[in-house]
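Below is one structure; the comments refer to it alone.
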Amino acid sequence: MKKIIAFGILILFSSLLMAQTPSAEEILNKIDENMVFDQAISKSKMIIHGRIGDRTIESKSWSKGNDLAMVEYLSPPREAGTKMLKTADKLWIYTPEPTDRIITISGHLLRQSVMGSDLSYEDITDNSSMIESYNAEILGTETIRDRECWVLELTAKKDDISYYSRKIWVDTERLLPLKEERFAKSGKLLKKTEILEVFKQDGRWYPRHMIFKDMLSRGKGTEYFIESIDFNVDIPEYKFTKAALRR
Amino acid sequence: MLAIKLAYRNLIGAGLRTWLNVLVLSFSFLIIIWNRGIINGWDRQARNDTKNQEIGGGQYWHENYDPYDPFTLADAHGIIHEKLQEKTNYAPVLITQATIYPGGRVQSILLKGIEPDQKILTIPTESLKSDIEEIPVMLGSRMAENNKLKIGDFVTVRWRDANGTFDAADAQVVHIFKTDVPTIDNGQMWVPLQRLQKMMQMDGEATLVVVNQEITSAPDLPHWVFKDHDILLKDFAELIKMKYVGGYIMWFILLLLAWIAIFDTQVLSIFRRQKEIGTDIALGMTRGQVIRLFTVEGAMHGILAAILAAIYGGPLLYLQAVKGMSMPEGTDDMGIAIAETIYPYYSVGLVVVTALIVLITTTIVSFLPTRRISKMNPTDAIRGKIQ
C-alpha cells in the first residue's frame with residue numbers, strides 16, 4: 001500500500017514538474033524573443049586570444065532582421081574605418097584610405113574567420129530565429145554557473161542550416177542559452193559558445209559577455225562583449241547599401 | 001674572295017686583339033643559346049608534365065566554373081554529361097572548398113575528388129583505393145611539407161555540403177606524391193570521387209572533366225564548356241614569353257659588349273691603317289672595295305666566334321642537355337610548373353637563328369666605322385695625315 005502511495009506521489013510530483021517546464025518549442029520561442037530583434041544598433045568589443053598574444057577589436061553594428069547588417073570597426077587604429085556590409089548571402093568589406101577599396105565576400109569565404117577570431121563573418125552577422133530553424137527536444141536539467149538550465153537538443157528543420165545539430169543549456173529564468181555546442185552532420189563538435197554575463201534591456205535579457213571557441217582549432221577562443229545595444233531604433237535603408245560603406 | 005683572304009690574313013695578323021674580341025663574342029653567342037635552351041627545356045617539360053598530370057588533352061568545365069573566382073565553386077558542379085561518362089577517355093573531378101586543422105591550425109584548402117582507377121592522368125590515384133573508415137586523402141609533397149603531414153597522419157577536415165550545412169570528419173593521408181605541377185599540389189587534397197560526391201550530396205556530379213590526350217574531337221555539350229591547351233596553358237605561355245623578353249635584355253647587354261669591342265677595334269684599325277688604306281686606293285682599289293675589306297674583317301669576328309663557341313661550348317651545352325640543370329631549392333614553391341632538373345633543349349633553328357643574328361649585327365657594327373674611309377683623301381692617307 002505504501003509503495004502505491006509513494007508511486008502516486010512520484011507521478012503527481014512529476015506531473016507538477018512537467019506542468020512547470022514549458023515545451024521545447026516554447027523555450028526556443030522565448031530565446032528568440034530575447035535574442036532576435038527587428039533592428040538594433042550596438043557597440044561591441046572582441047578580444048581574440050591568439051597563440052602570439054591577444055588582440056582587441058571594437059566595433060559598432062547596425063542590424064535589421066537577419067539579412068541586413070553593417071559593421072564598422074572603431075579600433076585598433078589600423079582597422080578603424082573598415083566596414084562590413086551584409087545583405088542576404090553577400091558581404092562587402094570596405095577598407096578606408098589609403099586603399100579605399102570594396103571587396104565582395106560570398107560563398108565559402110563567409111565562413112572564414114573574422115580577423116583570426118573564432119567567429120566567422122556569418123556568425124558575427126547572424127540574427128536568425130531558432131524556432132524557424134530547429135526542432136528541439138528537452139534532455140533534462142543541469143546547473144551552469146549556479147543557474148538552473150534546461151538542456152535542449154536541436155536538430156535542423158531545413159537542409160540549408162549551417163549547423164545540423166546543437167545542444168543548448170537554457171537559463172530557466174532568463175531564457176538565454178548560457179552554453180551552446182554546435183555540431184557537424186557527422187556529430188563532430190565544431191563550436192562552443194558560453195554566455196558569461198547577461199543584462200536586461202527593454203524587457204529582454206541579452207548577453208553582455210560571451211566566449212566563442214572553434215573546437216577544431218588550437219586557438220584559445222574569442223571573447224565578445226556587448227558594450228551597449230539599442231533595440232528602439234529606425235535605421236534608414238541607405239545604411240545597408242554599398243554607397244554607405246564609403247560614408 | 002680576295003677581300004675574304006685579305007680580311008682573314010689581317011685578322012690573324014692582329015693577334016691577341018682579334019682573339020679577345022672573338023672570345024667575348026663567342027661567349028655572348030654561347031650564353032644566348034644556353035639561355036634560350038634552358039627556357040625551351042623548361043617550357044617543354046612543364047607543358048608535358050601539366051598535360052600528363054593535370055589537363056590531359058583538354059578539360060570540359062562546368063559552365064559556372066571559374067578557377068580564378070573561388071566564389072563560383074559553390075555553384076560550379078553538375079551531373080556529368082552522358083558523353084563524358086566513358087572512363088577510358090574521361091576523368092571527372094569534383095572540386096569544393098574545405099578547411100583542415102593540421103595540428104590545430106586552420107587552413108583553407110580545395111578538396112578534389114577523382115576516380116581512383118582513372119588512367120587519364122598520371123598522378124597515383126590508385127592509392128586512394130582504400131577501405132579505411134576515415135577519408136583517404138592523397139596530397140602533393142609541397143602541401144604535405146607546408147602542413148607537416150606524413151603518410152598515415154590524421155587530419156580533421158571540415159566542409160559544407162551542397163545545402164551549406166557544416167560537416168566534419170577525420171581524413172588519413174594514404175599517399176604523398178611528388179609533382180612538378182604546383183596547381184595539383186599547393187593547398188589541395190585529393191579524395192575518391194564517389195566519397196566526395198557523398199560528402200557533398202552531389203551524386204554523379206563533377207566540376208570539370210579531363211579528356212584523354214588521344215581524343216582529338218571535343219563536341220559542344222550543354223552546360224559543359226571545352227577548354228583546350230591554348231586556354232589551359234595560357235598563363236604558363238605568358239610566363240615563358242616574359243622569360244624570353246627577360247632573356248632578350250640579357251642577350252642585348254652581352255651583344256652590346258661584343259659590338260662595342262668590335263666597333264672600337266674597327267675605329268682603331270681604320271685610324272692606324274690609314275697608310276694602308278691610301279696605298280690600297282692608290283693601287284687601284286675603289287673606296288667601296290676598301291670598305292668591303294674592312295667590313296668583312298669585322299664580320300669575320302662573328303664567324304670565328306661561332307667556330308670558337310662550337311669548339312668549347314658545344315661539348316658544354318651537350319653535357320648539360322644530357323645531365324640537366326638542377327634548380328635551386330625552393331624554386332618549385334613559386335607556384336609555377338618547374339622541374340627539379342631542367343634539361344635544356346637546343347633546336348637547329350635556335351642555333352642557326354642565333355648565329356645569323358650575331359653575324360648580321362656584327363657585320364652592321366663593323367660597317368658603321370668604315371664609312372669614314374669614303375671621305376678619306378688617298379694622298380693624305382698615304383702620308384699618314386690624321387683625317
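The chains in the C-alpha cells are called A, B, ... from first to last as shown; in each chain the residues are counted from 1, and the ligands are counted from 1 in the order shown.
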Q: Excluding region 96-113 of chain B and any residue of its chain fewer than 5 positions from it, enumerate the residues within 7 Å of it, using only C-alpha atoms, and give them as a list in words.
A: His108, Leu216, Ser217 and Arg218 of chain A; Leu73, Asn147, Val155, Thr156, Val157, Arg158, Trp159, Gly187, Gln188, Met189, Trp190, Val191, Pro192, Leu193 and Leu196 of chain B
Q.
Residues of chain A were defined as contacting chain B if any atom lay at most 10 Å from it, counting only C-alpha atoms; please report them as JSON, numbers by chain.
A. {"A": [104, 105, 106, 107, 108, 109, 111, 112, 113, 116, 156, 158, 159, 160, 161, 162, 163, 164, 165, 182, 183, 184, 185, 186, 187, 188, 189, 190, 214, 215, 216, 217, 218, 219]}
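Near region 312-316 of chain B, within a cut-off of 10 Å and counting only C-alpha atoms, sit the residues B:Ser26, B:Phe27, B:Phe29, B:Leu30, B:Ile31, B:Ile33, B:Trp34, B:Ala306, B:Ile307, B:Leu308, B:Gln320, B:Ala321, with same-chain residues fewer than 4 positions away left out.
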(Q) With only C-alpha atoms as the counted atoms, please give the residues lying no more than 10 Å from Ala299 (chain B), apart from itself and same-chain residues fewer than 6 positions off, as number ranges by chain. (A) B: 7, 262, 293, 358-367
I need the chosen residues saved as a compact mmCIF listing (two decimals), in the first residue's frame, with N, CA and C atoms.
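Result saved to again-v5.txt:
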# COMPACT_ATOMS: atom_id res chain seq x y z
N ALA B 7 91.08 39.81 -95.49
CA ALA B 7 90.47 40.05 -94.19
C ALA B 7 90.96 39.01 -93.19
N ILE B 262 84.02 45.32 -81.01
CA ILE B 262 84.28 45.24 -82.46
C ILE B 262 84.31 46.64 -83.07
N LEU B 293 86.46 45.39 -97.59
CA LEU B 293 87.55 44.65 -96.94
C LEU B 293 87.47 44.80 -95.42
N VAL B 358 73.90 37.08 -84.69
CA VAL B 358 75.25 37.53 -84.30
C VAL B 358 76.00 38.01 -85.54
N LEU B 359 75.93 37.25 -86.63
CA LEU B 359 76.68 37.60 -87.84
C LEU B 359 76.19 38.91 -88.45
N ILE B 360 74.87 39.02 -88.59
CA ILE B 360 74.31 40.23 -89.22
C ILE B 360 74.62 41.47 -88.39
N THR B 361 74.38 41.35 -87.07
CA THR B 361 74.61 42.54 -86.23
C THR B 361 76.11 42.89 -86.19
N THR B 362 76.95 41.87 -86.18
CA THR B 362 78.40 42.14 -86.16
C THR B 362 78.81 42.83 -87.47
N THR B 363 78.22 42.38 -88.58
CA THR B 363 78.53 42.99 -89.88
C THR B 363 78.12 44.46 -89.89
N ILE B 364 76.93 44.73 -89.36
CA ILE B 364 76.45 46.13 -89.33
C ILE B 364 77.39 46.97 -88.48
N VAL B 365 77.73 46.43 -87.30
CA VAL B 365 78.61 47.18 -86.38
C VAL B 365 79.98 47.39 -87.03
N SER B 366 80.43 46.40 -87.81
CA SER B 366 81.74 46.52 -88.47
C SER B 366 81.71 47.55 -89.59
N PHE B 367 80.55 47.63 -90.24
CA PHE B 367 80.41 48.53 -91.38
C PHE B 367 80.39 50.00 -90.97
(Q) When you look at Asp67 (chain A) with a cut-off of 7 Å (counting only C-alpha atoms), what residues show up, excluding the ones that are within fewer than 2 positions of it in the same chain? I need them as a VMD selection string. (A) chain A and resid 64 to 65 69 86 to 88
Those selected residues, please, written with N, CA and C atoms and delivered as a compact mmCIF listing (two decimals), in the first residue's frame.
# COMPACT_ATOMS: atom_id res chain seq x y z
N LYS A 64 19.36 44.85 -39.16
CA LYS A 64 17.93 44.88 -39.49
C LYS A 64 17.55 43.48 -39.93
N GLY A 65 16.73 42.81 -39.13
CA GLY A 65 16.33 41.45 -39.46
C GLY A 65 17.55 40.53 -39.52
N ALA A 69 23.01 43.82 -42.28
CA ALA A 69 23.89 44.22 -41.17
C ALA A 69 25.04 45.06 -41.71
N LYS A 86 26.50 43.33 -44.89
CA LYS A 86 25.95 42.02 -45.24
C LYS A 86 24.52 42.18 -45.74
N THR A 87 24.26 41.63 -46.90
CA THR A 87 22.89 41.58 -47.40
C THR A 87 22.64 40.16 -47.88
N ALA A 88 21.65 39.50 -47.35
CA ALA A 88 21.32 38.10 -47.68
C ALA A 88 22.60 37.25 -47.65
Q: Calculate how many Å separate CA of Phe225 (chain A) from CA of Leu196 (chain A), rounding to one decimal.
A: 9.8 Å
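With CA of Gln274 (chain B) on one side and CA of Gly288 (chain B) on the other, the separation reads 15.3 Å.
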Q) Which residues in region 110-275 of chain B does DSSP call alpha helix (DSSP H)? List them as an NGL selection string. A) :B and (141-146 or 193-200 or 229-232 or 234-272 or 274-275)
(Q) Can you tell me which residues surround region 205-221 of chain B at a distance of at most 6 Å, considering only C-alpha atoms, apart from same-chain residues fewer than 6 positions away, and format the answer as a list in words? (A) Gly56, Gly57, Gly58, Gln59, Tyr60, Trp61, His62, Ala76, His77, Gly78, Ile79, Ile80, Asn89, Tyr90, Ala91, Pro92, Val93, Leu94, Ile95 and Ile120 of chain B
Expected file: the selected residues, C-alpha atoms, as a tab-separated table (two decimals), in the first residue's frame:
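Wrote result_28.tsv, looks like this:
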chain	number	residue	atom	x	y	z
B	56	GLY	CA	45.16	15.81	-70.25
B	57	GLY	CA	44.02	16.56	-73.78
B	58	GLY	CA	41.87	19.45	-72.53
B	59	GLN	CA	39.09	19.83	-70.00
B	60	TYR	CA	35.34	20.26	-70.03
B	61	TRP	CA	34.45	22.81	-67.39
B	62	HIS	CA	31.03	23.17	-65.82
B	76	ALA	CA	30.19	25.07	-60.32
B	77	HIS	CA	29.05	21.48	-60.34
B	78	GLY	CA	26.59	19.43	-62.32
B	79	ILE	CA	25.64	15.94	-63.43
B	80	ILE	CA	28.36	14.63	-65.74
B	89	ASN	CA	38.57	8.67	-72.15
B	90	TYR	CA	37.30	10.99	-69.43
B	91	ALA	CA	38.24	11.60	-65.81
B	92	PRO	CA	35.71	13.68	-63.85
B	93	VAL	CA	36.95	15.88	-61.00
B	94	LEU	CA	34.72	17.41	-58.33
B	95	ILE	CA	36.18	20.44	-56.54
B	120	ILE	CA	43.82	9.71	-67.98
Q: Give the strand (DSSP E or B) residues of region 134-182 of chain B, as assigned by DSSP on the backbone, as a PyMOL selection string.
A: chain B and resi 135-140+154-160+166-177
Near Phe231 (chain A), within 6 Å and counting only C-alpha atoms, which residues show up once chain neighbours fewer than 2 positions away are dropped, as a PDB file with C-alpha atoms, in the first residue's frame?
ATOM      1  CA  GLN A  39      16.517  46.476 -35.640  1.00  0.00           C
ATOM      2  CA  ALA A  40      19.384  47.326 -33.351  1.00  0.00           C
ATOM      3  CA  VAL A 233      15.845  52.399 -33.471  1.00  0.00           C
TER       4      VAL A 233
END
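Using only C-alpha atoms, the shortest contact distance between Ala237 (chain B) and any of B:Ile123, B:Val181, B:Ala171, B:Ile39 is found at B:Ile39.
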